[in-house]
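Reviewing the structure listed below.
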Number of protein chains: 2
Amino acid sequence: MSSHSSGPVGVFTFRLNAVSNLSSPISYALGRLVGNVRTFPAHQDIVRQGDRPSQCCVVLRGWVSRNKVLEGGVRQITALHIPSTIPDLQSLMLPQMDHNITTVTSVEAGFIPHSALRHLMTEFPSLALAFWKETLIDGAIAREWEVNLGSRPAAQRIAHLFCEMATRLEHVGQADRIENALSFPWPLTQGQLGEATGLSAIHINRTLQELRARGLIEFTRQQVQITDLDRLTHFAGFNPDYLLSEKPGQSASLIDAYERAVASI
Amino acid sequence: MSSHSSGPVGVFTFRLNAVSNLSSPISYALGRLVGNVRTFPAHQDIVRQGDRPSQCCVVLRGWVSRNKVLEGGVRQITALHIPSTIPDLQSLMLPQMDHNITTVTSVEAGFIPHSALRHLMTEFPSLALAFWKETLIDGAIAREWEVNLGSRPAAQRIAHLFCEMATRLEHVGQADRIENALSFPWPLTQGQLGEATGLSAIHINRTLQELRARGLIEFTRQQVQITDLDRLTHFAGFNPDYLLSEKPGQSASLIDAYERAVASI
DNA sequence: CGCTTAAATCAACTTAGGTTAACTTATTGT
DNA sequence: ACAATAAGTTAACCTAAGTTGATTTAAGCG
């Protein structure tokens, strides 16, 4: 069993640091709280709508989605979470989950009891501020998804999501950039991509082909390759400001930290 | 000029209390910080995308929208704010606004300097938790809007928004209920309703007529009347849990508080 | 390794919702 | 009370996206 400050948990504390500059005692204590690291298979609920969790889940490897399922069985993915985030952090303040947290890939996740987090927040009020800030960034992403769902045609909508994920993945060192080209893992099926963008799987397929024909992206198995990020950015009307990207310097150290963490597994 | 703990400011502190049960010294201090109360005309930006505010805005009367404008000039409303909320609370933690805050109606708004809020949060860490909780509820509402925009057909989408606003307005005593019928002010034009739901103004018009024909809603000038809330709720697939409604008891005291506040203007 | 199941792809057809433009009804301002 | 403007309504037409069903390719799996 891999466990604390070394190993994948590092991904988590290092990113919180980059976003909020936590002091090292907080960051150390937080890393130590992550326990009970488990591996989940793909397409499994970690937390369900209506649950009243007593612990928070930290994504250490793999992707998870927030999603809601309507009566008819239609599923809407409202957010995608990549390693280093706590998708159900809200359960600390809002007792009942209003949505599911579901694995997209096989996922390694750790858990922190609410009680431990509450104690730590009492001891270090700045931790609450860091969590609040995470929630605010999540909110900014949700707003951009609303714009995407409400106002962009299919091709731009999909392109915008690719731009966002490319940017977020690059921040945690999970995208490869060569000049202006970016490639990164893409574990969503076309059906799931449709659930995230509010489009049918068939229309996703058509539109993906259009994007390929325009030379904006390439697909190889589970990888997306953005041929020219500037061109795709312009096409999608993407403005990365809402992601509150870390400055280049911090980003670089994050990548190092991540790679060290992964290497030590 | 009306100003502090009496008058419309009461709407604000009373609601924060209901959501997070702030102790009375905090609530009192917070109410006193709201100054510089101004009246804005309808359709005016209070804060703009890209701004770096040094104060937060408290909505005391009227409605405001969060919105983003795309290059082509299309506007997407991502949230509606009714009295008692701080729409740009995030500016305290995220320096740059990622969206506009625009008045829908004529609006009375007060302002609190960031510095004052920061001091108060340092003195009372539970205030930061209350703000975080507000942000989380905002996030839950945004997720439901994502579902609405991505997964519901026009009639259900509009109906769902009516259900949500009816519920939220009832919490702050701004909806009249007679049995199962609810009526409340509706200041959005059909065009703005389209901007909130990602539909064209013409299609809003068509769909509104369908909802009227089905006997689900009635329109009189600036009022919406829900004929039978249960029926509309069922039609829209609305589940109010995500709004974290106060329990009936608290709700009632809120209404009283609101009415006292309004009466004292 | 072939068998099974899930994704992806393709084509034909349907439909919800967008668009344009003409016209009517409310508001607003003077 | 009037003109001027904004909002609501209606109709005709168009298109982006949904749907159904058949076919191919790729991914697990015993």
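Letters A, B, ... go to the chains of the structure tokens in the order shown; residues in each chain start at 1; ligands are counted from 1 in the same order.
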
With only C-alpha atoms (C1' of nucleotides) considered, list every residue of chain B at most 8 Å from chain C, as a ChimeraX atom specification. /B:199-200,203

Take the residues just selected and output them with N, CA, C and O atoms as a PDB file, in the first residue's frame.
ATOM      1  N   LEU B 199     -31.778  29.857 -25.093  1.00  0.00           N
ATOM      2  CA  LEU B 199     -32.768  29.720 -26.161  1.00  0.00           C
ATOM      3  C   LEU B 199     -32.979  31.084 -26.805  1.00  0.00           C
ATOM      4  O   LEU B 199     -32.748  32.123 -26.183  1.00  0.00           O
ATOM      5  N   SER B 200     -33.456  31.095 -28.050  1.00  0.00           N
ATOM      6  CA  SER B 200     -33.701  32.377 -28.706  1.00  0.00           C
ATOM      7  C   SER B 200     -34.976  33.000 -28.140  1.00  0.00           C
ATOM      8  O   SER B 200     -35.869  32.298 -27.658  1.00  0.00           O
ATOM      9  N   HIS B 203     -38.135  31.566 -29.542  1.00  0.00           N
ATOM     10  CA  HIS B 203     -38.504  30.250 -29.056  1.00  0.00           C
ATOM     11  C   HIS B 203     -39.001  30.314 -27.614  1.00  0.00           C
ATOM     12  O   HIS B 203     -39.853  29.528 -27.207  1.00  0.00           O
TER      13      HIS B 203
END

Interface list for chain D, partner chain A, 10 Å threshold, only C-alpha atoms (C1' of nucleotides), as an MDAnalysis selection string: chainID D and resid 16:19 26

Given a cut-off of 9 Å, which residues of chain A touch chain B, counting only C-alpha atoms, written out as a PyMOL selection string? chain A and resi 67-71+74-79+90+93-94+96-99+122+125+128-129+131-133+135-140+142-147+149-151+195-199+237+241-242+244

Figure out the distance between CA of Cys57 (chain B) and CA of Pro185 (chain B), please, to one decimal in Å. 22.4 Å

Could you name the residues that touch Gly62 (chain B) at 7 Å or less, counting only C-alpha atoms (C1' of nucleotides), but leaving out those on the same chain fewer than 6 positions away, as an MDAnalysis selection string? chainID B and resid 82:83 105:108

Could you give me the residues within region 104-226 of chain B that DSSP places in strand (DSSP E or B), as a compact mmCIF listing (two decimals) with N, CA and C atoms, in the first residue's frame?
# COMPACT_ATOMS: atom_id res chain seq x y z
N VAL B 107 -31.82 48.51 -8.99
CA VAL B 107 -31.25 47.75 -7.88
C VAL B 107 -30.70 48.69 -6.81
N GLU B 108 -30.96 48.33 -5.59
CA GLU B 108 -30.31 49.02 -4.49
C GLU B 108 -29.21 48.11 -3.97
N ALA B 109 -27.99 48.61 -3.95
CA ALA B 109 -26.85 47.77 -3.54
C ALA B 109 -25.96 48.53 -2.58
N GLY B 110 -25.44 47.80 -1.60
CA GLY B 110 -24.47 48.38 -0.68
C GLY B 110 -23.10 47.81 -0.97
N PHE B 111 -22.09 48.38 -0.38
CA PHE B 111 -20.73 47.92 -0.65
C PHE B 111 -19.96 47.75 0.65
N ILE B 112 -19.12 46.72 0.68
CA ILE B 112 -18.24 46.49 1.82
C ILE B 112 -16.81 46.39 1.30
N PRO B 113 -15.91 47.19 1.83
CA PRO B 113 -14.51 47.11 1.36
C PRO B 113 -13.92 45.73 1.68
N ASP B 176 -45.78 34.96 -3.17
CA ASP B 176 -47.04 34.78 -2.47
C ASP B 176 -47.59 33.41 -2.77
N ARG B 177 -47.87 32.68 -1.73
CA ARG B 177 -48.39 31.33 -1.93
C ARG B 177 -49.84 31.29 -1.45
N ILE B 178 -50.70 30.75 -2.31
CA ILE B 178 -52.07 30.45 -1.90
C ILE B 178 -52.28 28.99 -2.23
N ALA B 181 -50.64 27.33 -5.29
CA ALA B 181 -50.32 28.31 -6.32
C ALA B 181 -49.33 29.32 -5.77
N LEU B 182 -48.38 29.72 -6.60
CA LEU B 182 -47.35 30.66 -6.19
C LEU B 182 -47.29 31.79 -7.20
N SER B 183 -47.22 33.01 -6.72
CA SER B 183 -46.97 34.08 -7.68
C SER B 183 -45.83 34.95 -7.18
N PHE B 184 -45.07 35.47 -8.11
CA PHE B 184 -43.87 36.22 -7.72
C PHE B 184 -43.50 37.17 -8.86
N PRO B 185 -42.74 38.21 -8.53
CA PRO B 185 -42.33 39.17 -9.56
C PRO B 185 -41.40 38.51 -10.56
N ILE B 217 -48.54 27.78 -16.12
CA ILE B 217 -48.20 29.12 -15.61
C ILE B 217 -49.12 30.16 -16.23
N GLU B 218 -49.16 31.31 -15.57
CA GLU B 218 -49.84 32.47 -16.14
C GLU B 218 -48.92 33.66 -16.01
N PHE B 219 -49.06 34.59 -16.94
CA PHE B 219 -48.26 35.80 -16.92
C PHE B 219 -49.17 37.00 -16.78
N THR B 220 -48.90 37.87 -15.85
CA THR B 220 -49.59 39.15 -15.86
C THR B 220 -48.50 40.18 -15.69
N GLN B 223 -45.39 39.70 -13.48
CA GLN B 223 -45.61 38.66 -12.48
C GLN B 223 -45.69 37.30 -13.16
N VAL B 224 -45.16 36.28 -12.49
CA VAL B 224 -45.41 34.91 -12.93
C VAL B 224 -46.33 34.28 -11.90
N GLN B 225 -47.28 33.54 -12.37
CA GLN B 225 -48.14 32.80 -11.47
C GLN B 225 -48.04 31.32 -11.81
N ILE B 226 -47.60 30.55 -10.85
CA ILE B 226 -47.57 29.09 -11.03
C ILE B 226 -48.90 28.55 -10.54

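As for C1' of DG8 (chain D) and CA of Leu193 (chain B), they are spaced 13.0 Å apart.
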
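You will find CA of Arg48 (chain A) at 22.2 Å from CA of His234 (chain B).
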